[in-house]
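> Pasting in a structure now, in structure tokens, and then I'll have a few things to ask.
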Amino acid sequence: MMSHLTNNLPPDAGGGSVLQEQAHTLLACPDCDLVFPLPCLSPGEKARCVRCGAVLMEHQAHGIDYSIALALTSLVLFVLSNTFPLLKLQIAGREQIGAFTTGVHALYDQGFWEIAWLVLLVTIIAPLFRIISVLYVLLPLWFGRRLLGAARIFRWMEILRPWAMSEVFMLGILVAMVKLGDLASIQPGVALYSFGGLILFMAATDASLDEHAIWMRLEDGA
């Protein structure tokens, strides 16, 4: 179901005090900055801007326990991805086993330490931070509590979302496998399948988060 909003804001008769008091009940369109009263949606409904059509907010049909389950699954897949071998290469009788950190070590040893740190950030640190942040924020809310700094962690989690480029790294792996297919025998490892599952479950976790509902619970002290 879709819910369209109109821009009916109260007049500012108190020198800005009215808007300041009702700031927590207002919602700005992320695309055109048109301001609306915070809508009351039923589970499964979306609110769209009447001017540009952008999605203002969406009330997920499920609770935070669904997001927690997805995040826990992502954490397990992340551990498997960084524990087991990624690929096994056999070239001219020589066998080489590659892991996620192999490329980082190779770049660092060759003097490309800036690129090595960037690869480490976008493929390991940022995805792990997002998973841990979801659990840090949602698990206490599920028990009716809020940990110290949860709001700040949740804000940084959204800021760092574009830096978690696991799918780009997977694309690079697949391209390399295709190019090396005629030169070497390539055997995918457990980590490759775990990493593919990790990408899917992280995307599902992001899609399941009801950000507005989480922010309201954080501001209300759970």
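Chain labels follow the order of the structure tokens: the first chain is A, the next B, and so on; residue numbering restarts at 1 in every chain, and ligands are counted from 1 in their shown order.
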May I have the residues within 12 Å of His105 of chain A as a list in words, using only C-alpha atoms and disregarding those fewer than 3 positions away in the same chain?
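Neighbouring residues, sequence-local ones excluded: Gly98, Ala99, Phe100, Thr101, Thr102, Tyr108, Asp109, Gln110, Gly111, Phe112, Trp113, Glu114, Ile115, Ala116, Trp117, Val119 and Leu120 of chain A.
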> Check the DSSP output for the backbone and give back, as a PyMOL selection string, the residues of chain A in helix (DSSP H, G or I).
chain A and resi 17-21+23-25+64-81+100-109+113-142+150-159+161-163+166-180+190-208+211-219
> From the options A:Val50, A:Ile68, A:Met170, A:Ala126, which residue's atoms come nearest to Leu200 of chain A, counting only C-alpha atoms?
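Of A:Val50, A:Ile68, A:Met170, A:Ala126, the one nearest Leu200 of chain A, counting only C-alpha atoms, is A:Met170.
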> Ranking A:Val122, A:Val79, A:Ala69, A:Asp182 by minimum distance to Leu135 of chain A and counting only C-alpha atoms, which one comes first?
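Of A:Val122, A:Val79, A:Ala69, A:Asp182, the one nearest Leu135 of chain A is A:Ala69, counting only C-alpha atoms.
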> Give me the residues near Leu89 of chain A as a list of chain:residue names, where near means some atom within 6 Å (using only C-alpha atoms) and where sequence neighbours in that chain fewer than 4 positions away do not count.
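Counting only the stated atoms, we get A:Glu95, A:Gln96, A:Ser185, A:Ile186.
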> Using DSSP assignments from the backbone, pull out every residue in segment 58-161 of chain A that falls under strand (DSSP E) and give it to me as an mmCIF file with C-alpha atoms, in the first residue's frame.

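Once written, out_27.cif looks like this:
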```
data_model
loop_
_atom_site.group_PDB
_atom_site.id
_atom_site.type_symbol
_atom_site.label_atom_id
_atom_site.label_comp_id
_atom_site.auth_asym_id
_atom_site.auth_seq_id
_atom_site.Cartn_x
_atom_site.Cartn_y
_atom_site.Cartn_z
ATOM 1 C CA GLU A 58 8.420 2.615 4.903
ATOM 2 C CA LEU A 87 40.317 -20.218 -4.072
ATOM 3 C CA LYS A 88 42.802 -22.943 -4.897
ATOM 4 C CA LEU A 89 44.924 -22.370 -8.008
ATOM 5 C CA GLN A 90 46.982 -24.984 -9.821
ATOM 6 C CA ILE A 91 49.374 -23.553 -12.440
ATOM 7 C CA ARG A 94 52.219 -25.498 -8.567
ATOM 8 C CA GLU A 95 49.366 -25.118 -6.124
ATOM 9 C CA GLN A 96 48.475 -21.868 -4.386
ATOM 10 C CA ILE A 97 45.676 -21.256 -1.903
ATOM 11 C CA GLY A 98 44.223 -17.762 -1.676
#
```
> Using only C-alpha atoms, I'd like a table of the residues in segment 114-173 of chain A that come within 10 Å of segment 204-214 of chain A; for each, show the closest atom pair and its distance in Å rounded to one decimal, ordered by chain and ascending number, as a Markdown table.

```
| residue | atom | partner | partner_atom | distance |
| --- | --- | --- | --- | --- |
| A:Arg130 | CA | A:Asp206 | CA | 9.5 |
| A:Ile131 | CA | A:Thr205 | CA | 8.9 |
| A:Val134 | CA | A:Thr205 | CA | 8.7 |
| A:Val137 | CA | A:Ile214 | CA | 8.7 |
| A:Leu138 | CA | A:Ile214 | CA | 8.1 |
| A:Leu141 | CA | A:Ile214 | CA | 8.5 |
| A:Ala151 | CA | A:Ile214 | CA | 9.3 |
| A:Phe154 | CA | A:Ile214 | CA | 9.2 |
| A:Glu158 | CA | A:Glu211 | CA | 9.7 |
| A:Arg161 | CA | A:Asp206 | CA | 9.2 |
```
> Quick check, in Å to one decimal: how far apart do atom CA of Cys29 of chain A and atom CA of Cys49 of chain A lie?
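If I compute the distance from atom CA of Cys29 of chain A to atom CA of Cys49 of chain A, I get 6.5 Å.
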